[in-house]
file start_35.txt (compact mmCIF, C-alpha atoms)
# COMPACT_ATOMS: atom_id res chain seq x y z
CA GLY A 684 77.15 -39.39 54.51
CA ALA A 685 80.55 -41.14 54.46
CA VAL A 686 81.82 -39.94 57.82
CA VAL A 687 85.02 -41.33 59.31
CA SER A 688 85.72 -40.79 62.97
CA GLN A 689 89.18 -41.10 64.47
CA HIS A 690 90.01 -41.31 68.15
CA PRO A 691 91.82 -39.94 70.03
CA SER A 692 92.49 -36.63 68.32
CA TRP A 693 95.59 -35.99 70.41
CA VAL A 694 97.60 -38.23 72.66
CA ILE A 695 100.80 -37.78 74.62
CA CYS A 696 102.58 -40.87 75.84
CA LYS A 697 105.87 -41.83 77.42
CA SER A 698 108.64 -43.55 75.50
CA GLY A 699 108.28 -47.30 75.56
CA THR A 700 104.53 -47.37 75.94
CA SER A 701 101.98 -48.37 73.32
CA VAL A 702 99.19 -46.25 71.91
CA LYS A 703 96.06 -47.41 70.11
CA ILE A 704 94.31 -45.25 67.55
CA GLU A 705 90.82 -46.07 66.33
CA CYS A 706 89.30 -45.36 62.95
CA ARG A 707 85.57 -45.86 62.52
CA SER A 708 83.33 -45.47 59.54
CA LEU A 709 80.12 -44.13 61.04
CA ASP A 710 77.55 -44.46 58.31
CA PHE A 711 79.00 -46.94 55.86
CA GLN A 712 80.86 -50.20 55.77
CA ALA A 713 84.48 -50.08 54.77
CA THR A 714 86.13 -53.29 53.73
CA THR A 715 89.33 -51.36 53.20
CA MET A 716 90.88 -48.65 55.33
CA PHE A 717 94.20 -46.93 54.91
CA TRP A 718 96.63 -45.52 57.45
CA TYR A 719 98.82 -42.53 56.72
CA ARG A 720 101.47 -40.68 58.67
CA GLN A 721 102.22 -37.02 58.21
CA PHE A 722 105.22 -35.25 59.69
CA PRO A 723 105.06 -31.46 60.11
CA LYS A 724 105.04 -29.63 56.82
CA GLN A 725 105.32 -32.87 54.91
CA SER A 726 103.04 -34.95 52.78
CA LEU A 727 100.86 -37.87 53.76
CA MET A 728 102.79 -41.10 53.57
CA LEU A 729 100.85 -44.31 53.16
CA MET A 730 101.78 -46.75 55.90
CA ALA A 731 99.48 -49.68 55.31
CA THR A 732 96.26 -50.92 53.82
CA SER A 733 93.90 -52.50 56.31
CA ASN A 734 91.53 -55.18 55.04
CA GLU A 735 88.63 -56.43 57.09
CA GLY A 736 89.20 -59.96 58.28
CA SER A 737 92.70 -60.32 56.93
CA LYS A 738 96.22 -59.14 57.54
CA ALA A 739 97.18 -55.60 56.68
CA THR A 740 99.45 -54.85 53.77
CA TYR A 741 102.36 -52.64 54.75
CA GLU A 742 104.26 -50.25 52.57
CA GLN A 743 107.96 -50.77 52.14
CA GLY A 744 109.92 -49.49 55.10
CA VAL A 745 107.05 -49.63 57.57
CA GLU A 746 107.65 -52.02 60.46
CA LYS A 747 104.63 -54.25 60.81
CA ASP A 748 105.64 -55.36 64.30
CA LYS A 749 105.80 -51.78 65.45
CA PHE A 750 102.63 -50.55 63.82
CA LEU A 751 100.02 -53.19 64.51
CA ILE A 752 96.85 -52.93 62.48
CA ASN A 753 93.65 -54.76 63.23
CA HIS A 754 90.55 -54.48 61.07
CA ALA A 755 88.14 -56.54 63.09
CA SER A 756 84.89 -55.33 61.62
CA LEU A 757 83.56 -53.49 58.59
CA THR A 758 83.45 -50.25 60.54
CA LEU A 759 86.56 -50.31 62.71
CA SER A 760 90.29 -50.43 62.11
CA THR A 761 92.87 -49.83 64.82
CA LEU A 762 96.51 -48.83 64.64
CA THR A 763 98.67 -49.59 67.65
CA VAL A 764 102.04 -47.91 67.88
CA THR A 765 104.06 -50.28 70.05
CA SER A 766 107.04 -49.26 72.17
CA ALA A 767 106.67 -45.69 70.98
CA HIS A 768 109.72 -43.45 70.68
CA PRO A 769 109.96 -39.69 70.17
CA GLU A 770 110.63 -40.20 66.45
CA ASP A 771 107.17 -41.79 66.19
CA SER A 772 105.64 -38.45 67.07
CA SER A 773 103.54 -37.53 64.07
CA PHE A 774 100.05 -36.92 62.75
CA TYR A 775 98.35 -40.22 61.94
CA ILE A 776 95.36 -40.16 59.61
CA CYS A 777 93.14 -42.98 58.53
CA SER A 778 90.88 -43.08 55.54
CA ALA A 779 88.17 -45.38 54.38
CA ARG A 780 86.64 -46.14 51.08
CA SER A 781 82.91 -46.49 50.82
CA ASP A 782 81.97 -49.26 48.46
CA GLN A 783 78.76 -47.38 47.81
CA ARG A 784 80.64 -44.38 46.49
CA ASN A 785 82.70 -45.30 43.50
CA TYR A 786 86.25 -44.12 44.19
CA GLY A 787 84.89 -42.44 47.32
CA TYR A 788 87.54 -41.89 49.93
CA THR A 789 87.00 -40.17 53.26
CA PHE A 790 89.65 -39.16 55.76
CA GLY A 791 89.43 -39.34 59.50
CA SER A 792 90.12 -36.24 61.58
CA GLY A 793 93.62 -37.38 62.42
CA THR A 794 95.48 -38.20 65.63
CA ARG A 795 98.39 -36.14 66.81
CA LEU A 796 100.78 -38.42 68.68
CA THR A 797 103.47 -36.90 70.87
CA VAL A 798 105.95 -39.26 72.50
CA VAL A 799 107.92 -37.77 75.37
CA GLY B 577 105.21 -48.29 43.27
CA GLU B 578 103.71 -45.01 42.22
CA ASN B 579 105.77 -41.84 42.54
CA VAL B 580 104.01 -38.50 42.55
CA GLU B 581 105.92 -35.26 42.27
CA GLN B 582 104.37 -31.88 42.94
CA HIS B 583 105.51 -28.35 42.14
CA PRO B 584 105.90 -25.74 43.43
CA SER B 585 106.33 -26.43 47.10
CA THR B 586 105.32 -22.87 47.99
CA LEU B 587 103.25 -20.38 46.02
CA SER B 588 102.25 -16.83 46.82
CA VAL B 589 99.72 -14.96 44.73
CA GLN B 590 97.86 -11.70 45.00
CA GLU B 591 94.19 -11.92 45.78
CA GLY B 592 92.25 -12.21 42.54
CA ASP B 593 95.10 -13.77 40.60
CA SER B 594 95.24 -17.37 39.47
CA ALA B 595 97.25 -20.18 41.02
CA VAL B 596 98.49 -23.27 39.23
CA ILE B 597 99.92 -26.38 40.86
CA LYS B 598 101.38 -29.20 38.81
CA CYS B 599 101.88 -32.89 39.52
CA THR B 600 103.44 -35.77 37.64
CA TYR B 601 103.00 -39.45 38.25
CA SER B 602 104.94 -42.51 37.24
CA ASP B 603 102.51 -45.42 37.08
CA SER B 604 100.54 -45.42 33.84
CA ALA B 605 97.96 -47.68 35.53
CA SER B 606 96.87 -44.83 37.81
CA ASN B 607 93.44 -43.71 36.77
CA TYR B 608 92.10 -41.51 39.53
CA PHE B 609 93.59 -38.17 40.53
CA PRO B 610 92.12 -36.25 43.46
CA TRP B 611 93.24 -32.93 44.86
CA TYR B 612 93.04 -32.21 48.56
CA LYS B 613 93.16 -29.01 50.59
CA GLN B 614 94.54 -29.29 54.08
CA GLU B 615 94.50 -26.62 56.74
CA LEU B 616 96.93 -26.84 59.63
CA GLY B 617 96.17 -29.75 61.94
CA LYS B 618 93.08 -30.78 60.07
CA ARG B 619 92.14 -33.61 57.79
CA PRO B 620 92.58 -33.27 54.05
CA GLN B 621 89.45 -32.19 52.25
CA LEU B 622 88.71 -33.30 48.72
CA ILE B 623 88.24 -30.28 46.49
CA ILE B 624 88.15 -31.81 43.03
CA ASP B 625 89.06 -35.04 41.30
CA ILE B 626 89.45 -36.36 37.80
CA ARG B 627 89.44 -39.79 36.26
CA SER B 628 91.65 -40.90 33.43
CA ASN B 629 88.87 -40.94 30.86
CA VAL B 630 88.45 -37.18 31.21
CA GLY B 631 90.89 -34.48 30.18
CA GLU B 632 89.49 -31.57 32.14
CA LYS B 633 87.03 -30.92 34.92
CA LYS B 634 85.83 -27.64 36.36
CA ASP B 635 83.97 -26.70 39.52
CA GLN B 636 83.40 -22.95 39.89
CA ARG B 637 86.83 -21.38 40.50
CA ILE B 638 88.67 -24.69 40.52
CA ALA B 639 89.68 -26.77 37.53
CA VAL B 640 91.87 -29.78 36.97
CA THR B 641 93.49 -30.89 33.74
CA LEU B 642 94.98 -34.27 32.98
CA ASN B 643 97.45 -35.28 30.31
CA LYS B 644 97.64 -39.07 30.35
CA THR B 645 100.30 -39.27 27.70
CA ALA B 646 102.66 -37.03 29.61
CA LYS B 647 101.45 -38.37 32.96
CA HIS B 648 100.83 -35.01 34.50
CA PHE B 649 97.86 -33.19 35.93
CA SER B 650 97.35 -29.67 37.20
CA LEU B 651 95.14 -27.76 39.58
CA HIS B 652 93.99 -24.30 38.54
CA ILE B 653 92.42 -21.86 41.00
CA THR B 654 91.09 -18.64 39.52
CA GLU B 655 90.12 -15.42 41.30
CA THR B 656 91.97 -16.53 44.41
CA GLN B 657 90.72 -15.45 47.82
CA PRO B 658 92.51 -15.35 51.20
CA GLU B 659 90.51 -18.37 52.34
CA ASP B 660 92.16 -20.38 49.58
CA SER B 661 95.39 -20.21 51.59
CA ALA B 662 96.25 -23.76 52.67
CA VAL B 663 98.38 -26.71 51.70
CA TYR B 664 97.24 -28.53 48.59
CA PHE B 665 98.07 -32.14 47.83
CA CYS B 666 97.64 -34.03 44.62
CA ALA B 667 97.34 -37.79 44.63
CA ALA B 668 97.30 -40.67 42.20
CA SER B 669 95.45 -43.90 42.63
CA ILE B 670 94.47 -47.03 40.82
CA THR B 671 90.70 -47.46 41.00
CA GLY B 672 90.49 -45.66 44.30
CA ASN B 673 92.75 -48.00 46.19
CA GLN B 674 95.93 -46.76 47.87
CA PHE B 675 96.56 -43.09 47.32
CA TYR B 676 100.06 -41.84 46.73
CA PHE B 677 100.34 -38.19 47.55
CA GLY B 678 102.48 -35.45 46.15
CA THR B 679 104.72 -33.49 48.46
CA GLY B 680 102.29 -30.64 48.88
CA THR B 681 102.10 -26.98 47.89
CA SER B 682 101.69 -24.28 50.50
CA LEU B 683 99.53 -21.61 48.87
CA THR B 684 99.38 -18.11 50.32
CA VAL B 685 96.91 -15.62 48.92
CA ILE B 686 97.94 -12.08 49.78
CA PRO B 687 95.03 -9.69 50.35
call {"tool": "encode", "arguments": {"input": "start_35.txt", "output": "structure tokens"}}
result
Amino acid sequence: GAVVSQHPSWVICKSGTSVKIECRSLDFQATTMFWYRQFPKQSLMLMATSNEGSKATYEQGVEKDKFLINHASLTLSTLTVTSAHPEDSSFYICSARSDQRNYGYTFGSGTRLTVV
Amino acid sequence: GENVEQHPSTLSVQEGDSAVIKCTYSDSASNYFPWYKQELGKRPQLIIDIRSNVGEKKDQRIAVTLNKTAKHFSLHITETQPEDSAVYFCAASITGNQFYFGTGTSLTVIP
């Protein structure tokens, strides 16, 4: 149980275009999902907290107009990288907390974004 | 916000030896401390966790200790094996909400 699916696993896009990444909880409902970014050989940096039915909460230094987050249902959160630039190339990972599992926290498989 | 520091950044041990990774945190309200193992290009995998009402937890070759007063916690891996080679991250959280991760430790177990 507590499976989180992330799609796509790898995407290459041109500078200036937008890319949408999906994070789905497959067998549980997640009122809260989290988005992280990980640069090569670095740690996971929390970008934002996504709450179902309300606006996301962004960490300091993260541009909310560039990284659009939508948590439209209890099983789906999306991250859209708008007007992507090469410096946005990174590994993006979502995670979701299952309310049925106290402190339970499951990561998605990650999305490798390459902007050329 | 929470600040988690992790040491060392790289660690090499001989197979069969023990490995210890240490983390400190800044927010005394943090009460949940998981450890994750991440292989290249893959998602982090939870290997062990500890809550603030416990001082030590053990699961086979892996143990975690927590010192709330000093605000530090450590991961101990005994009888290391080559498959233990990976990057390990500690994290601190308040009631399982946002996780703040340490900077990671690249562990290499030499056969």
call {"tool": "atom_distance", "arguments": {"input": "start_35.txt", "atom1": "atom CA of B:Ser585", "atom2": "atom CA of A:Ser692"}}
result
27.3 Å
call {"tool": "interface_residues", "arguments": {"input": "start_35.txt", "of": "chain A", "to": "chain B", "cutoff": "7 Å", "atoms": "all atoms listed in the file", "output": "list in words"}}
result
Gln725, Ser726, Leu727, Leu729, Tyr786, Phe790, Gly791, Ser792 and Gly793 of chain A
call {"tool": "residues_around", "arguments": {"input": "start_35.txt", "residues": "B:Asp660", "least_positions_apart": "2", "cutoff": "12 Å", "atoms": "all atoms listed in the file", "output": "PyMOL selection string"}}
result
chain B and resi 587-595+612-615+623+637-638+652-658+662-664+682-687
call {"tool": "residues_around", "arguments": {"input": "start_35.txt", "residues": "A:Tyr719", "least_positions_apart": "3", "cutoff": "6 Å", "atoms": "only C-alpha atoms", "output": "list of chain:residue names"}}
result
A:Leu727, A:Met728, A:Leu729, A:Met730, A:Tyr775, A:Ile776, A:Cys777
call {"tool": "write_last_selection", "arguments": {"input": "start_35.txt", "atoms": "C-alpha atoms", "output": "PDB file, in the coordinates of the input"}}
result
ATOM      1  CA  LEU A 727     100.860 -37.870  53.760  1.00  0.00           C
ATOM      2  CA  MET A 728     102.790 -41.100  53.570  1.00  0.00           C
ATOM      3  CA  LEU A 729     100.850 -44.310  53.160  1.00  0.00           C
ATOM      4  CA  MET A 730     101.780 -46.750  55.900  1.00  0.00           C
ATOM      5  CA  TYR A 775      98.350 -40.220  61.940  1.00  0.00           C
ATOM      6  CA  ILE A 776      95.360 -40.160  59.610  1.00  0.00           C
ATOM      7  CA  CYS A 777      93.140 -42.980  58.530  1.00  0.00           C
TER       8      CYS A 777
END
call {"tool": "closest_residue", "arguments": {"input": "start_35.txt", "among": "A:Val798, A:Leu709, A:Ala731, A:Leu762", "to": "A:Gln743", "atoms": "only C-alpha atoms"}}
result
A:Ala731
call {"tool": "atom_distance", "arguments": {"input": "start_35.txt", "atom1": "atom CA of A:Thr758", "atom2": "atom CA of A:Tyr741"}}
result
19.9 Å
call {"tool": "atom_distance", "arguments": {"input": "start_35.txt", "atom1": "atom CA of A:Val687", "atom2": "atom CA of A:Ser760"}}
result
10.9 Å
call {"tool": "residues_near_point", "arguments": {"input": "start_35.txt", "point": "(100.0, -36.0, 70.2)", "cutoff": "8 Å", "atoms": "all atoms listed in the file", "output": "JSON, numbers by chain"}}
result
{"A": [692, 693, 694, 695, 696, 772, 773, 774, 794, 795, 796, 797, 798]}
call {"tool": "residues_near_point", "arguments": {"input": "start_35.txt", "point": "(90.4, -58.0, 58.2)", "cutoff": "10 Å", "atoms": "only C-alpha atoms", "output": "PyMOL selection string"}}
result
chain A and resi 714-716+733-739+752-757+759-760
call {"tool": "closest_residue", "arguments": {"input": "start_35.txt", "among": "A:Val686, A:Ala767, A:Ile704, A:Val745", "to": "A:Thr732", "atoms": "all atoms listed in the file"}}
result
A:Val745
call {"tool": "closest_residue", "arguments": {"input": "start_35.txt", "among": "A:Ser778, A:Ser688, A:Thr740, A:Thr765", "to": "A:Asp710", "atoms": "only C-alpha atoms"}}
result
A:Ser688
